[in-house]
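First up is the structure itself, then whatever we jot down about it.
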Amino acid sequence: RQILASGGATIYVWYNKAGESQPAAADTYGQYNAYDGDFIGVWPLIESGNGTAGEFKDRTSNQINGQGGSGTGSKVPTQEDGDVYKRQSFDGTDDHVDLNNSGANDFNFVQNSLVFTWEGLIGIDNLSSRESIFRNTGTTAEKGFMLCWDTNAVVGYDALRAMIVKGSSGTPVIDCRSPDGTTITDTNPHHVAFRGNGSGNSVLFYVDGVQKATTVSKAFSSLSTGGTTNDTLLGS
């Protein structure tokens, strides 16, 4: 339905009308064409998983589909009702969705260019516990990145933390955080985004569309090269 003035955009919505068929994913009006080439992956995480390869679907044409618990049933997140539809509940220990890095799925552009945007709708049910959000490493000895909720008990502050590392040298590309104690103060779902524009320490945190101050713990050193060490995981 056209909802803008003449010459504006046209938005088509599939609503399961009787007698109609949903367009195939790769068709002109299919789900893949809802996202342009700037999107690497979009994971709504609405599925009910059991550890089967490819069960958590990427809505872009890149089809970087995830596997619950890397195939281990006890580490698969639990589907539950969300505010709009379904969502996943992670246990905060080892539940995760594995995006099975390989080739174009490697996500190495994060540490190799520092040009990226991560965003998601998250709820943290224990603000006193470190919770991984999106990562493929947690140590400076490997190439990759980590976005997490970090806590006073672990590092001396309660805030979103991002660490991007280049591996063998043991030096982060950058390690930074959002404001201590005020970034998120409840267990409700929040839209969280983290963005890098390739310019040294210029990395930005957003919560519910509001930019938060960035504190740089370890300043930008230099970009990495080559591939990422581990698979990229959504969740703890």
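Lettering and numbering for the structure tokens are positional, with chains as A, B, ... in the shown order, residues counted from 1 in each chain, and ligands counted from 1 in the shown order.
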
Name the residues of stretch 102-191 of chain A that fall into alpha helix (DSSP H) according to DSSP on the backbone, using the chain letters and numbers of this document, as a ChimeraX atom specification. /A:109-113,152-155

Can you check which parts of stretch 6-124 of chain A lie within 12 Å of stretch 183-205 of chain A? Per residue, the shortest pair of atoms and distance in Å to one decimal, counting only C-alpha atoms, sorted by chain and number, as a tab-separated table.
residue	atom	partner	partner_atom	distance
A:Gly82	CA	A:Pro189	CA	9.6
A:Asp83	CA	A:Pro189	CA	9.1
A:Val84	CA	A:Pro189	CA	11.7
A:Arg87	CA	A:Pro189	CA	11.0
A:Ser89	CA	A:Pro189	CA	11.9
A:Phe109	CA	A:Gly198	CA	10.4
A:Val110	CA	A:Gly196	CA	8.5
A:Gln111	CA	A:Gly198	CA	9.7
A:Asn112	CA	A:Gly198	CA	9.3
A:Ser113	CA	A:Gly198	CA	5.9
A:Leu114	CA	A:Gly198	CA	4.4
A:Val115	CA	A:Asn197	CA	4.6
A:Phe116	CA	A:Gly196	CA	5.4
A:Thr117	CA	A:Arg195	CA	4.4
A:Trp118	CA	A:Phe194	CA	5.3
A:Glu119	CA	A:Ala193	CA	4.1
A:Gly120	CA	A:Val192	CA	5.5
A:Leu121	CA	A:His191	CA	4.4
A:Ile122	CA	A:Pro189	CA	5.1
A:Gly123	CA	A:Pro189	CA	4.1
A:Ile124	CA	A:Thr187	CA	5.2

Selection from above, C-alpha atoms, as an mmCIF file, in the first residue's frame, can you write it?
data_model
loop_
_atom_site.group_PDB
_atom_site.id
_atom_site.type_symbol
_atom_site.label_atom_id
_atom_site.label_comp_id
_atom_site.auth_asym_id
_atom_site.auth_seq_id
_atom_site.Cartn_x
_atom_site.Cartn_y
_atom_site.Cartn_z
ATOM 1 C CA GLY A 82 7.529 -11.563 23.138
ATOM 2 C CA ASP A 83 5.825 -8.194 22.981
ATOM 3 C CA VAL A 84 4.984 -8.661 19.284
ATOM 4 C CA ARG A 87 11.720 -14.287 21.004
ATOM 5 C CA SER A 89 15.397 -16.599 26.323
ATOM 6 C CA PHE A 109 35.397 -6.512 8.505
ATOM 7 C CA VAL A 110 34.625 -5.458 12.092
ATOM 8 C CA GLN A 111 38.202 -5.620 13.364
ATOM 9 C CA ASN A 112 39.726 -5.055 9.920
ATOM 10 C CA SER A 113 37.867 -1.826 9.080
ATOM 11 C CA LEU A 114 36.074 -0.613 12.227
ATOM 12 C CA VAL A 115 33.125 0.211 9.937
ATOM 13 C CA PHE A 116 29.979 -1.527 11.162
ATOM 14 C CA THR A 117 26.662 -1.172 12.979
ATOM 15 C CA TRP A 118 25.311 -3.777 15.379
ATOM 16 C CA GLU A 119 21.781 -3.442 16.703
ATOM 17 C CA GLY A 120 19.208 -5.554 18.456
ATOM 18 C CA LEU A 121 16.308 -5.654 20.882
ATOM 19 C CA ILE A 122 17.558 -7.071 24.178
ATOM 20 C CA GLY A 123 16.338 -7.483 27.735
ATOM 21 C CA ILE A 124 18.796 -8.180 30.561
#

Long-range neighbours of A:Ala162 as a PDB file with N, CA, C and O atoms, in the first residue's frame, 6 Å cut-off, only C-alpha atoms, 2 positions minimum in chain:
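Result written to selection_0.pdb:
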ATOM      1  N   MET A 146      33.613  -8.436  20.767  1.00  0.00           N
ATOM      2  CA  MET A 146      32.658  -8.815  21.807  1.00  0.00           C
ATOM      3  C   MET A 146      31.821  -7.598  22.167  1.00  0.00           C
ATOM      4  O   MET A 146      32.348  -6.513  22.401  1.00  0.00           O
ATOM      5  N   LEU A 147      30.502  -7.770  22.192  1.00  0.00           N
ATOM      6  CA  LEU A 147      29.592  -6.783  22.752  1.00  0.00           C
ATOM      7  C   LEU A 147      28.868  -7.476  23.894  1.00  0.00           C
ATOM      8  O   LEU A 147      28.268  -8.538  23.707  1.00  0.00           O
ATOM      9  N   ASP A 175      38.821  -0.832  23.146  1.00  0.00           N
ATOM     10  CA  ASP A 175      38.014  -1.372  24.242  1.00  0.00           C
ATOM     11  C   ASP A 175      37.282  -0.184  24.861  1.00  0.00           C
ATOM     12  O   ASP A 175      37.914   0.782  25.293  1.00  0.00           O
ATOM     13  N   CYS A 176      35.950  -0.228  24.878  1.00  0.00           N
ATOM     14  CA  CYS A 176      35.195   0.944  25.316  1.00  0.00           C
ATOM     15  C   CYS A 176      33.881   0.530  25.969  1.00  0.00           C
ATOM     16  O   CYS A 176      33.477  -0.627  25.886  1.00  0.00           O
TER      17      CYS A 176
END

Spatial neighbours of A:Tyr29, max dist 10 Å, only C-alpha atoms, sep filter under 4 positions, as a list in words: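 Returned residues: Ile11, Tyr12, Val13, Trp14, Gln22, Pro23, Ala24, Ala25, Asn33 and Ala34 of chain A.
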
Residue selection dump (N, CA and C atoms) as a PDB file, in the first residue's frame:
ATOM      1  N   ILE A  11       5.151   0.507   0.315  1.00  0.00           N
ATOM      2  CA  ILE A  11       5.457  -0.559   1.255  1.00  0.00           C
ATOM      3  C   ILE A  11       4.420  -1.660   1.105  1.00  0.00           C
ATOM      4  N   TYR A  12       4.887  -2.891   0.895  1.00  0.00           N
ATOM      5  CA  TYR A  12       4.004  -4.038   0.766  1.00  0.00           C
ATOM      6  C   TYR A  12       4.097  -4.884   2.033  1.00  0.00           C
ATOM      7  N   VAL A  13       2.951  -5.297   2.572  1.00  0.00           N
ATOM      8  CA  VAL A  13       2.908  -6.079   3.796  1.00  0.00           C
ATOM      9  C   VAL A  13       2.196  -7.399   3.520  1.00  0.00           C
ATOM     10  N   TRP A  14       2.854  -8.499   3.859  1.00  0.00           N
ATOM     11  CA  TRP A  14       2.223  -9.807   3.737  1.00  0.00           C
ATOM     12  C   TRP A  14       1.405 -10.072   4.999  1.00  0.00           C
ATOM     13  N   GLN A  22       2.447 -16.306  -0.215  1.00  0.00           N
ATOM     14  CA  GLN A  22       3.551 -15.417   0.131  1.00  0.00           C
ATOM     15  C   GLN A  22       4.626 -15.500  -0.946  1.00  0.00           C
ATOM     16  N   PRO A  23       5.172 -14.362  -1.371  1.00  0.00           N
ATOM     17  CA  PRO A  23       6.224 -14.399  -2.393  1.00  0.00           C
ATOM     18  C   PRO A  23       7.414 -15.223  -1.921  1.00  0.00           C
ATOM     19  N   ALA A  24       8.065 -15.887  -2.854  1.00  0.00           N
ATOM     20  CA  ALA A  24       9.284 -16.622  -2.524  1.00  0.00           C
ATOM     21  C   ALA A  24      10.334 -15.644  -2.007  1.00  0.00           C
ATOM     22  N   ALA A  25      11.211 -16.128  -1.132  1.00  0.00           N
ATOM     23  CA  ALA A  25      12.168 -15.248  -0.447  1.00  0.00           C
ATOM     24  C   ALA A  25      12.988 -14.405  -1.411  1.00  0.00           C
ATOM     25  N   ASN A  33      14.683  -9.064  -0.417  1.00  0.00           N
ATOM     26  CA  ASN A  33      14.751  -7.718  -0.989  1.00  0.00           C
ATOM     27  C   ASN A  33      14.241  -6.629  -0.043  1.00  0.00           C
ATOM     28  N   ALA A  34      13.936  -7.018   1.194  1.00  0.00           N
ATOM     29  CA  ALA A  34      13.624  -6.011   2.212  1.00  0.00           C
ATOM     30  C   ALA A  34      14.892  -5.360   2.745  1.00  0.00           C
TER      31      ALA A  34
END

Taking only stretch 92-163 of chain A into account, list the residues labelled strand (DSSP E) by DSSP (computed from the backbone), as a PyMOL selection string. chain A and resi 97-98+115-122+131-135+143-150+159-163
